Amino acid sequence: MLIKTDLLLMAIERYNPRESEPYWRKVWDEKKLFETDNDDPRPKYYVLEMFPYPSGRIHIGHVRNYAMGDVIARYKRARGYNVLHPMGWDAFGMPAENAAMQNKVHPRDWTYRNIDMMRAQLKSMGLSLDWSREFATCDVEYYHHQQHLFLDFLEHGLVYRKQSKVNWDPIDQTVLANEQVVDGRGWRSGALVEQRELTQWFFKITDFSQELLEALDDLDQWPEKVRLMQKNWIGRSEGLHMHWQIVPETSQSDETSLAVYTTRPDTVFGASFMAIAADHPLAISAAEDNTDLAAFCDACRRIGTSVAALETAEKEGFDTDIKVRHPFDPDWFLPVYVANFVLMDYGTGAIFGCPSGDQRDLDFANKYGLPVVAVVMPEGNDATSFQITEEAYVDDGVMINSQFLDGMTPKDAFDEVANRLEAIEIDGQPQAQRETNYRLRDWGISRQRYWGCPIPVVHCETCGVIPVAKADLPVRLPDDIDFEKPGNPLDRHPTWRDVACPQCGENAKRETDTMDTFVDSSWYFARFTAPWQDAPTDPAAADDWLPVDQYIGGVEHAILHLLYSRFFTRAMRIAGHVDLKEPFKGLFTQGMVVHETYRGKDGWLMPSEVRVEEDAGRRRAFCLDSGDEVDIGSIEKMSKSKRNVVDSDEIVESCGADTARFFMLSDSPPERDVIWTEAGVDGAHRFVQRVWRLLSEAAPALEGVEPNPARQGQAVEISRAAHKALKAVGEDLEKLSFNKAIARMHELVNTLQAPLTTAAAGKADVATLAALKDAVCILVSIMAPMTPHLSEECYRTIGRTKLVAETDWPVFDQELVTDDTITLPVQINGKKRGDLTIARDADQLTVEKAVLELAVVQTALAGKTPRKIIVVPQRIVNVVV
RNA sequence: GCCCCUGUGGCGGAACUGGUAGACGCGUUGGAUUCAAAAUCCAAUUUCUUCGGAAGUGUCGGUUCGAGUCCGACCGGGGGCACCA
């Protein structure tokens, strides 16, 4: 008696991912299932995850990112698309140089070694990637074509050189990025950082300011948040470029007028001072014979170094004694100050200050005893008594104390001032012009570093800057370099650096700057469409595949990477490499994976070094090695410094790739952060095992059965559940709602559990078996994008000969997803009081009649007639008493 | 400081265009199985309750037959930008 169930259970082995997963990956590989043919006539779908930096290990955050992309890729493939799903490496950058300095490893060796390790890790996840298109941005074949693009952009006037300030570390003799400057000191050397003027290369992204802004409106498959961030970053403002005449006897400069940019010309009668940047020509000339002013200007320039200093610096100014004349009142003179908060590189480097309408100007005026005249007041106040003292008024209202503007709205006053000044001529030009300004700056791409794409130009003393001929590309990075000395190794590599001028043949020097690594990632998506091409792109292939249908990555790239890629697409179009406007049609920004932190007495510990116990409701953590108790810290973004990282190998090793993938997609909506917990992994693992157990137990009973959904009898519930789940999962995956799709899978398994157990015991009838077989095939198919290995294993077990990866997405039966009777909730005065089960197509009157017969309704009415009955078809009934 | 997003059980989260709040999972509790445990299965699980019900989606108000969803104010959490004239 006991024997038969026991034997059955014992005969079923647990699903062993360590054996199954490598097996199925080999099967897919051998069939080259995921290698994409550009000439395949089916409709194309390009899904791409932001490629990783080869830091050495794939961590669980990558797993989440790539699992999402893979679900989409596998789903779209099953839906009959020709899917492109490539992978590569964002392989240039500083960590390789840091490793070279610390460990005496060549950056190239370090990078390629990391790539090898990470490729193996990615492969163990079972991603449906086309590995035949793989490349790293540090491959000569890749940066060769990037140099080609640079030269094309140069020809089309999209690249130029100009002097620009950089953060210079005098000990390391290197340029630092802003985030490498901590409290005004270099992060590595600790030296005080200097501002240096270097001639650097720039891409003219500002040529496209307006277009990049406008085109955001059409990116309707992008998160609203990202579009808004880009919009703010571009920062368009509309204002007036206006000239203030300088009173000649107050200035030694030849300039006769001071140009300012303002977005509030309406407040011109509230002006009480002018403020100019320390680098403004007027400031420089005034400082020539005023040592105090010169000292002040120097102090302003120094403060520009660190972000922290900027934030805390007090608003300060210095009176130049120069005066300007008010444009509408020849007897009104205003002082010109040099101020530390005015930037030379925005607008004209000069402003007029209206203290009543701007808090900063008000603080400044109060500090230096300058007049404060209110010019805009909130509607309904009394103009004679309205005053501004400590708080500026910046909102809409009505103009006061402004002569001909009095009574107007600020908007009308803006136009009136603009119109009047445009009509006045001084020095042969209008006194003002309407002007649109953008916050967006040109993209400085010069980096004084070794491990990057060399900028392909030569500097010749006689001929100037000479581009390397395209036929002479690539300009390769030299291999024999040393990092023993500070500074850029390219700069002190004579045999690489010293060349003959391509034009005159005389001695010349190569450009030793390399490109910002954001350049590398600005066009890789285009290269993937034809990575074998002996040109940056194969335009036909690029136009066929692009834009990327679904791009997935972290929100931290919302601005720079995405904006640069949008610029590159436009520039490449001008150079004839692609013919499209936008690179990414659909964008999805996934949340981070976060984890608890653990801190022992010797510093941070990794989750794998810690054992967590629950003790009387309190969680305590202990170091595995020493047994000492450690502190459980806050939940934070996984980072090397806090050591709260989970490596993909660890988890694939212990539970298998499917479990890791499944967990990363469960519970939390994909755009939100997800907390990595042991309990969560266990839950996912349990589900994987449960599905396997149920299916493999029932497999002998189902093996020879032809799948056939039930139309009647008890088995119809099985078929209804399966087809409803199929429909819902399809809709969820289209919306990238992976967590909801998983909930539907759980529901289906819950429904199938009892009948599958019955079938396994040999007690199911023919109709049920056929319905079950149909349901099980559906279950395996809808799970396959998330748990591809398990699904193949299940598919084989139930007697299917094809691979799931080669099987089309099943089609749901419309009849099975619509119920013929529905249960309507019945409310009385908006509160639910009962249910009414009625035919789906029952008309309003029938429903009303049936509702009135319900006992709850009768009691509530107590013989009276209802005031109103609201019937929302298929939804709800509300009886108002 | 400015801009944006967000707030639902012990926890992660569902709830389509205003229509049964808490799907699904985790955790917890009870039970079955077991010599015992693990695993598994079954049941319960928003709170209060006089067991009839009542309250409930950050707080307070509004619109509506009906509000987690819409509007206004406030409070908390997260993010972006930050001398941008």
# chains A, B, ... in the order shown; residues from 1 in each chain; ligands from 1

call {"tool": "select_by_dssp", "arguments": {"residues": "segment 350-460 of chain A", "states": "strand (DSSP E)", "output": "MDAnalysis selection string"}}
result
chainID A and resid 350:353 376:377 398:399 425:426 429:430 432:438 443:444 446:447 457:460

call {"tool": "interface_residues", "arguments": {"of": "chain B", "to": "chain A", "cutoff": "9 Å", "atoms": "only C-alpha atoms (C1' of nucleotides)", "output": "mmCIF file with N, CA and C atoms (P, O5', C5', C4', C3', O3' and C1' of nucleotides), in the first residue's frame"}}
result
data_model
loop_
_atom_site.group_PDB
_atom_site.id
_atom_site.type_symbol
_atom_site.label_atom_id
_atom_site.label_comp_id
_atom_site.auth_asym_id
_atom_site.auth_seq_id
_atom_site.Cartn_x
_atom_site.Cartn_y
_atom_site.Cartn_z
ATOM 1 P P C B 3 9.411 74.323 -9.045
ATOM 2 O "O5'" C B 3 9.774 73.098 -9.998
ATOM 3 C "C5'" C B 3 9.918 73.289 -11.396
ATOM 4 C "C4'" C B 3 10.531 72.058 -12.016
ATOM 5 C "C3'" C B 3 9.801 70.748 -11.728
ATOM 6 O "O3'" C B 3 8.658 70.578 -12.525
ATOM 7 C "C1'" C B 3 12.106 70.429 -11.374
ATOM 8 P P C B 4 7.374 69.793 -11.891
ATOM 9 O "O5'" C B 4 7.824 68.272 -11.972
ATOM 10 C "C5'" C B 4 8.060 67.648 -13.225
ATOM 11 C "C4'" C B 4 8.773 66.328 -13.023
ATOM 12 C "C3'" C B 4 8.010 65.290 -12.210
ATOM 13 O "O3'" C B 4 7.016 64.650 -12.971
ATOM 14 C "C1'" C B 4 10.250 65.362 -11.472
ATOM 15 P P C B 5 5.672 64.120 -12.213
ATOM 16 O "O5'" C B 5 6.162 62.774 -11.508
ATOM 17 C "C5'" C B 5 6.644 61.683 -12.270
ATOM 18 C "C4'" C B 5 7.377 60.698 -11.384
ATOM 19 C "C3'" C B 5 6.545 60.050 -10.288
ATOM 20 O "O3'" C B 5 5.749 58.990 -10.774
ATOM 21 C "C1'" C B 5 8.619 60.731 -9.390
ATOM 22 P P G B 12 7.921 46.568 1.510
ATOM 23 O "O5'" G B 12 8.164 45.646 0.229
ATOM 24 C "C5'" G B 12 9.499 45.280 -0.127
ATOM 25 C "C4'" G B 12 9.453 44.405 -1.345
ATOM 26 C "C3'" G B 12 8.621 44.935 -2.495
ATOM 27 O "O3'" G B 12 9.330 45.913 -3.225
ATOM 28 C "C1'" G B 12 8.114 42.656 -2.157
ATOM 29 P P G B 13 8.560 47.048 -3.993
ATOM 30 O "O5'" G B 13 7.702 46.188 -5.017
ATOM 31 C "C5'" G B 13 6.413 46.606 -5.440
ATOM 32 C "C4'" G B 13 5.678 45.378 -5.869
ATOM 33 C "C3'" G B 13 4.325 45.639 -6.491
ATOM 34 O "O3'" G B 13 4.510 45.763 -7.896
ATOM 35 C "C1'" G B 13 4.088 44.095 -4.729
ATOM 36 P P A B 14 3.481 46.525 -8.758
ATOM 37 O "O5'" A B 14 2.485 45.317 -9.026
ATOM 38 C "C5'" A B 14 1.170 45.532 -8.787
ATOM 39 C "C4'" A B 14 0.379 44.350 -9.187
ATOM 40 C "C3'" A B 14 -0.952 44.800 -9.756
ATOM 41 O "O3'" A B 14 -0.884 44.829 -11.153
ATOM 42 C "C1'" A B 14 -1.312 43.461 -7.854
ATOM 43 P P G B 19 -11.564 51.751 -12.060
ATOM 44 O "O5'" G B 19 -12.717 50.922 -11.357
ATOM 45 C "C5'" G B 19 -12.880 51.032 -9.952
ATOM 46 C "C4'" G B 19 -14.051 50.194 -9.538
ATOM 47 C "C3'" G B 19 -14.173 48.888 -10.303
ATOM 48 O "O3'" G B 19 -14.654 47.917 -9.410
ATOM 49 C "C1'" G B 19 -16.139 50.166 -10.588
ATOM 50 P P U B 20 -13.591 47.063 -8.530
ATOM 51 O "O5'" U B 20 -14.597 46.173 -7.701
ATOM 52 C "C5'" U B 20 -15.514 46.799 -6.798
ATOM 53 C "C4'" U B 20 -15.653 45.897 -5.606
ATOM 54 C "C3'" U B 20 -14.348 45.601 -4.872
ATOM 55 O "O3'" U B 20 -14.630 45.510 -3.483
ATOM 56 C "C1'" U B 20 -15.298 43.595 -5.589
ATOM 57 P P A B 23 -4.443 38.765 -2.172
ATOM 58 O "O5'" A B 23 -4.442 37.920 -3.540
ATOM 59 C "C5'" A B 23 -5.611 37.847 -4.329
ATOM 60 C "C4'" A B 23 -5.249 37.804 -5.791
ATOM 61 C "C3'" A B 23 -4.057 36.918 -6.153
ATOM 62 O "O3'" A B 23 -4.438 35.564 -6.258
ATOM 63 C "C1'" A B 23 -3.836 38.998 -7.229
ATOM 64 P P C B 24 -3.709 34.431 -5.451
ATOM 65 O "O5'" C B 24 -2.194 34.614 -5.925
ATOM 66 C "C5'" C B 24 -1.774 34.152 -7.206
ATOM 67 C "C4'" C B 24 -0.354 34.565 -7.462
ATOM 68 C "C3'" C B 24 0.623 34.243 -6.329
ATOM 69 O "O3'" C B 24 1.027 32.894 -6.316
ATOM 70 C "C1'" C B 24 0.971 36.456 -7.002
ATOM 71 P P G B 25 1.361 32.171 -4.949
ATOM 72 O "O5'" G B 25 2.751 32.834 -4.553
ATOM 73 C "C5'" G B 25 3.896 32.615 -5.371
ATOM 74 C "C4'" G B 25 4.999 33.538 -4.960
ATOM 75 C "C3'" G B 25 5.492 33.399 -3.533
ATOM 76 O "O3'" G B 25 6.365 32.303 -3.376
ATOM 77 C "C1'" G B 25 5.203 35.674 -4.031
ATOM 78 P P C B 26 6.416 31.541 -1.994
ATOM 79 O "O5'" C B 26 7.144 32.601 -1.059
ATOM 80 C "C5'" C B 26 8.508 32.954 -1.288
ATOM 81 C "C4'" C B 26 8.918 34.064 -0.354
ATOM 82 C "C3'" C B 26 8.788 33.757 1.128
ATOM 83 O "O3'" C B 26 9.840 32.942 1.600
ATOM 84 C "C1'" C B 26 7.962 35.919 0.702
ATOM 85 P P C B 65 -23.602 61.969 -8.124
ATOM 86 O "O5'" C B 65 -23.546 60.572 -7.369
ATOM 87 C "C5'" C B 65 -24.591 60.218 -6.455
ATOM 88 C "C4'" C B 65 -24.459 58.759 -6.095
ATOM 89 C "C3'" C B 65 -23.052 58.305 -5.761
ATOM 90 O "O3'" C B 65 -22.752 58.573 -4.410
ATOM 91 C "C1'" C B 65 -24.009 56.786 -7.296
ATOM 92 P P G B 66 -21.353 59.153 -4.038
ATOM 93 O "O5'" G B 66 -20.378 57.949 -4.416
ATOM 94 C "C5'" G B 66 -20.388 56.769 -3.613
ATOM 95 C "C4'" G B 66 -19.515 55.718 -4.236
ATOM 96 C "C3'" G B 66 -18.080 56.127 -4.495
ATOM 97 O "O3'" G B 66 -17.305 56.003 -3.319
ATOM 98 C "C1'" G B 66 -18.938 55.039 -6.397
ATOM 99 P P G B 80 20.481 61.213 -9.100
ATOM 100 O "O5'" G B 80 19.905 62.317 -10.087
ATOM 101 C "C5'" G B 80 19.680 62.006 -11.453
ATOM 102 C "C4'" G B 80 19.035 63.167 -12.135
ATOM 103 C "C3'" G B 80 19.828 64.462 -12.088
ATOM 104 O "O3'" G B 80 20.850 64.500 -13.059
ATOM 105 C "C1'" G B 80 17.595 64.910 -11.513
ATOM 106 P P C B 81 22.238 65.230 -12.696
ATOM 107 O "O5'" C B 81 21.825 66.766 -12.729
ATOM 108 C "C5'" C B 81 21.401 67.371 -13.941
ATOM 109 C "C4'" C B 81 20.859 68.744 -13.682
ATOM 110 C "C3'" C B 81 21.801 69.707 -12.970
ATOM 111 O "O3'" C B 81 22.797 70.228 -13.825
ATOM 112 C "C1'" C B 81 19.666 69.860 -12.000
ATOM 113 P P A B 82 24.271 70.426 -13.197
ATOM 114 O "O5'" A B 82 24.054 71.605 -12.170
ATOM 115 C "C5'" A B 82 23.725 72.901 -12.643
ATOM 116 C "C4'" A B 82 23.104 73.695 -11.538
ATOM 117 C "C3'" A B 82 24.075 74.309 -10.555
ATOM 118 O "O3'" A B 82 24.668 75.450 -11.107
ATOM 119 C "C1'" A B 82 22.164 73.477 -9.430
ATOM 120 P P C B 83 26.195 75.715 -10.797
ATOM 121 O "O5'" C B 83 26.406 77.150 -11.461
ATOM 122 C "C5'" C B 83 25.335 77.911 -11.962
ATOM 123 C "C4'" C B 83 24.577 78.689 -10.885
ATOM 124 C "C3'" C B 83 24.289 80.116 -11.292
ATOM 125 O "O3'" C B 83 23.045 80.501 -10.758
ATOM 126 C "C1'" C B 83 25.505 80.101 -9.283
ATOM 127 P P C B 84 21.661 80.125 -11.471
ATOM 128 O "O5'" C B 84 21.944 80.155 -13.041
ATOM 129 C "C5'" C B 84 21.749 81.326 -13.798
ATOM 130 C "C4'" C B 84 21.449 80.954 -15.242
ATOM 131 C "C3'" C B 84 20.340 79.902 -15.388
ATOM 132 O "O3'" C B 84 19.610 80.228 -16.514
ATOM 133 C "C1'" C B 84 22.342 79.102 -16.363
ATOM 134 P P A B 85 18.381 80.726 -16.755
ATOM 135 O "O5'" A B 85 18.329 82.213 -16.207
ATOM 136 C "C5'" A B 85 18.347 83.253 -17.102
ATOM 137 C "C4'" A B 85 18.878 84.476 -16.423
ATOM 138 C "C3'" A B 85 19.252 85.612 -17.361
ATOM 139 O "O3'" A B 85 18.116 86.344 -17.775
ATOM 140 C "C1'" A B 85 20.940 85.312 -15.772
#

call {"tool": "residues_around", "arguments": {"residues": "His685 of chain A", "least_positions_apart": "4", "cutoff": "8 Å", "atoms": "only C-alpha atoms (C1' of nucleotides)", "output": "count of residues only"}}
result
4

call {"tool": "residues_around", "arguments": {"residues": "Leu748 of chain A", "least_positions_apart": "3", "cutoff": "8 Å", "atoms": "only C-alpha atoms (C1' of nucleotides)", "output": "list in words"}}
result
Ala721, Ala722, Ala725, Arg744, Met745, Thr751, Leu752 and Leu779 of chain A

call {"tool": "closest_residue", "arguments": {"among": "B:A39, B:A44, B:C71, B:C51", "to": "Arg14 of chain A", "atoms": "only C-alpha atoms (C1' of nucleotides)"}}
result
B:A39

call {"tool": "select_by_dssp", "arguments": {"residues": "segment 448-663 of chain A", "states": "alpha helix (DSSP H)", "output": "VMD selection string"}}
result
chain A and resid 494 to 497 517 to 520 524 to 527 539 to 545 560 to 574 648 to 655 657 to 663

call {"tool": "write_last_selection", "arguments": {"atoms": "C-alpha atoms", "output": "PDB file, in the first residue's frame"}}
result
ATOM      1  CA  PRO A 494      58.981  59.317 -29.029  1.00  0.00           C
ATOM      2  CA  THR A 495      58.847  56.568 -31.648  1.00  0.00           C
ATOM      3  CA  TRP A 496      55.076  56.651 -31.637  1.00  0.00           C
ATOM      4  CA  ARG A 497      54.657  60.360 -31.137  1.00  0.00           C
ATOM      5  CA  THR A 517      35.088  56.564 -23.767  1.00  0.00           C
ATOM      6  CA  PHE A 518      31.571  57.906 -24.272  1.00  0.00           C
ATOM      7  CA  VAL A 519      32.558  58.183 -27.938  1.00  0.00           C
ATOM      8  CA  ASP A 520      33.071  54.406 -28.060  1.00  0.00           C
ATOM      9  CA  TYR A 524      28.391  50.463 -31.063  1.00  0.00           C
ATOM     10  CA  PHE A 525      24.720  49.679 -31.611  1.00  0.00           C
ATOM     11  CA  ALA A 526      25.177  50.578 -35.275  1.00  0.00           C
ATOM     12  CA  ARG A 527      28.353  48.515 -35.592  1.00  0.00           C
ATOM     13  CA  PRO A 539      24.466  51.565 -44.368  1.00  0.00           C
ATOM     14  CA  ALA A 540      21.894  49.171 -45.808  1.00  0.00           C
ATOM     15  CA  ALA A 541      22.168  46.807 -42.847  1.00  0.00           C
ATOM     16  CA  ALA A 542      22.165  49.664 -40.353  1.00  0.00           C
ATOM     17  CA  ASP A 543      19.051  51.200 -41.872  1.00  0.00           C
ATOM     18  CA  ASP A 544      17.359  47.811 -41.883  1.00  0.00           C
ATOM     19  CA  TRP A 545      17.974  47.111 -38.229  1.00  0.00           C
ATOM     20  CA  LEU A 560      25.165  61.612 -21.336  1.00  0.00           C
ATOM     21  CA  HIS A 561      25.316  58.248 -23.103  1.00  0.00           C
ATOM     22  CA  LEU A 562      21.876  58.592 -24.615  1.00  0.00           C
ATOM     23  CA  LEU A 563      22.332  62.199 -25.657  1.00  0.00           C
ATOM     24  CA  TYR A 564      25.746  61.505 -27.193  1.00  0.00           C
ATOM     25  CA  SER A 565      24.322  58.532 -29.094  1.00  0.00           C
ATOM     26  CA  ARG A 566      21.516  60.710 -30.391  1.00  0.00           C
ATOM     27  CA  PHE A 567      24.107  63.258 -31.532  1.00  0.00           C
ATOM     28  CA  PHE A 568      26.240  60.562 -33.154  1.00  0.00           C
ATOM     29  CA  THR A 569      23.282  59.214 -35.084  1.00  0.00           C
ATOM     30  CA  ARG A 570      22.692  62.671 -36.556  1.00  0.00           C
ATOM     31  CA  ALA A 571      26.367  63.219 -37.308  1.00  0.00           C
ATOM     32  CA  MET A 572      26.682  59.764 -38.890  1.00  0.00           C
ATOM     33  CA  ARG A 573      23.674  60.558 -41.011  1.00  0.00           C
ATOM     34  CA  ILE A 574      25.343  63.705 -42.325  1.00  0.00           C
ATOM     35  CA  SER A 648      26.702  35.663 -10.904  1.00  0.00           C
ATOM     36  CA  ASP A 649      28.929  32.571 -10.734  1.00  0.00           C
ATOM     37  CA  GLU A 650      28.089  31.960  -7.083  1.00  0.00           C
ATOM     38  CA  ILE A 651      24.408  31.916  -7.738  1.00  0.00           C
ATOM     39  CA  VAL A 652      24.546  30.004 -11.017  1.00  0.00           C
ATOM     40  CA  GLU A 653      26.723  27.472  -9.244  1.00  0.00           C
ATOM     41  CA  SER A 654      24.338  26.947  -6.355  1.00  0.00           C
ATOM     42  CA  CYS A 655      20.876  27.266  -7.926  1.00  0.00           C
ATOM     43  CA  ALA A 657      20.946  30.240 -14.164  1.00  0.00           C
ATOM     44  CA  ASP A 658      17.195  29.761 -14.499  1.00  0.00           C
ATOM     45  CA  THR A 659      16.619  30.375 -10.809  1.00  0.00           C
ATOM     46  CA  ALA A 660      18.765  33.497 -10.866  1.00  0.00           C
ATOM     47  CA  ARG A 661      16.984  34.814 -13.955  1.00  0.00           C
ATOM     48  CA  PHE A 662      13.568  33.981 -12.577  1.00  0.00           C
ATOM     49  CA  PHE A 663      14.223  35.636  -9.231  1.00  0.00           C
TER      50      PHE A 663
END

call {"tool": "atom_distance", "arguments": {"atom1": "atom CA of Ser356 of chain A", "atom2": "atom CA of Leu421 of chain A"}}
result
22.3 Å

call {"tool": "residues_around", "arguments": {"residues": "Gly600 of chain A", "least_positions_apart": "2", "cutoff": "8 Å", "atoms": "only C-alpha atoms (C1' of nucleotides)", "output": "list in words"}}
result
Tyr598, Asp602, Gly603, Trp604, Leu605, Cys623, Asp628, Glu629, Val630 and Asp631 of chain A

call {"tool": "write_last_selection", "arguments": {"atoms": "N, CA and C atoms", "output": "PDB file, in the first residue's frame"}}
result
ATOM      1  N   TYR A 598      27.358  44.496   5.308  1.00  0.00           N
ATOM      2  CA  TYR A 598      27.813  43.875   6.554  1.00  0.00           C
ATOM      3  C   TYR A 598      29.157  44.469   6.925  1.00  0.00           C
ATOM      4  N   ASP A 602      37.064  44.484  10.952  1.00  0.00           N
ATOM      5  CA  ASP A 602      38.124  44.753   9.989  1.00  0.00           C
ATOM      6  C   ASP A 602      37.587  45.305   8.666  1.00  0.00           C
ATOM      7  N   GLY A 603      36.373  45.843   8.723  1.00  0.00           N
ATOM      8  CA  GLY A 603      35.843  46.450   7.503  1.00  0.00           C
ATOM      9  C   GLY A 603      34.674  45.680   6.931  1.00  0.00           C
ATOM     10  N   TRP A 604      34.329  46.024   5.697  1.00  0.00           N
ATOM     11  CA  TRP A 604      33.131  45.474   5.075  1.00  0.00           C
ATOM     12  C   TRP A 604      33.339  44.008   4.690  1.00  0.00           C
ATOM     13  N   LEU A 605      32.263  43.235   4.815  1.00  0.00           N
ATOM     14  CA  LEU A 605      32.302  41.824   4.434  1.00  0.00           C
ATOM     15  C   LEU A 605      31.334  41.565   3.294  1.00  0.00           C
ATOM     16  N   CYS A 623      30.365  36.451  10.988  1.00  0.00           N
ATOM     17  CA  CYS A 623      31.414  36.195  10.013  1.00  0.00           C
ATOM     18  C   CYS A 623      31.655  34.687   9.947  1.00  0.00           C
ATOM     19  N   ASP A 628      32.683  35.805  14.563  1.00  0.00           N
ATOM     20  CA  ASP A 628      32.337  37.050  15.246  1.00  0.00           C
ATOM     21  C   ASP A 628      31.029  37.623  14.691  1.00  0.00           C
ATOM     22  N   GLU A 629      30.295  38.269  15.577  1.00  0.00           N
ATOM     23  CA  GLU A 629      29.098  38.946  15.104  1.00  0.00           C
ATOM     24  C   GLU A 629      29.503  40.204  14.336  1.00  0.00           C
ATOM     25  N   VAL A 630      28.792  40.473  13.244  1.00  0.00           N
ATOM     26  CA  VAL A 630      29.066  41.687  12.469  1.00  0.00           C
ATOM     27  C   VAL A 630      27.784  42.510  12.397  1.00  0.00           C
ATOM     28  N   ASP A 631      27.956  43.820  12.134  1.00  0.00           N
ATOM     29  CA  ASP A 631      26.795  44.713  12.056  1.00  0.00           C
ATOM     30  C   ASP A 631      26.108  44.570  10.706  1.00  0.00           C
TER      31      ASP A 631
END

call {"tool": "atom_distance", "arguments": {"atom1": "atom CA of Gly357 of chain A", "atom2": "atom CA of Ala413 of chain A"}}
result
14.1 Å

call {"tool": "atom_distance", "arguments": {"atom1": "atom CA of Asp395 of chain A", "atom2": "atom CA of Glu416 of chain A"}}
result
18.8 Å

call {"tool": "residues_around", "arguments": {"residues": "segment 755-762 of chain A", "least_positions_apart": "5", "cutoff": "12 Å", "atoms": "only C-alpha atoms (C1' of nucleotides)", "output": "PyMOL selection string"}}
result
(chain A and resi 4-9+12+690-703+705+714-719+748-750+767-773+775-776) or (chain B and resi 41)

call {"tool": "closest_residue", "arguments": {"among": "B:C35, B:G27, B:G18, B:G77", "to": "U63 of chain B", "atoms": "only C-alpha atoms (C1' of nucleotides)"}}
result
B:G18

call {"tool": "residues_around", "arguments": {"residues": "U59 of chain B", "least_positions_apart": "4", "cutoff": "12 Å", "atoms": "only C-alpha atoms (C1' of nucleotides)", "output": "VMD selection string"}}
result
chain B and resid 7 73 to 76

call {"tool": "closest_residue", "arguments": {"among": "B:G68, B:G9, B:G58, B:G78", "to": "Arg672 of chain A", "atoms": "only C-alpha atoms (C1' of nucleotides)"}}
result
B:G78
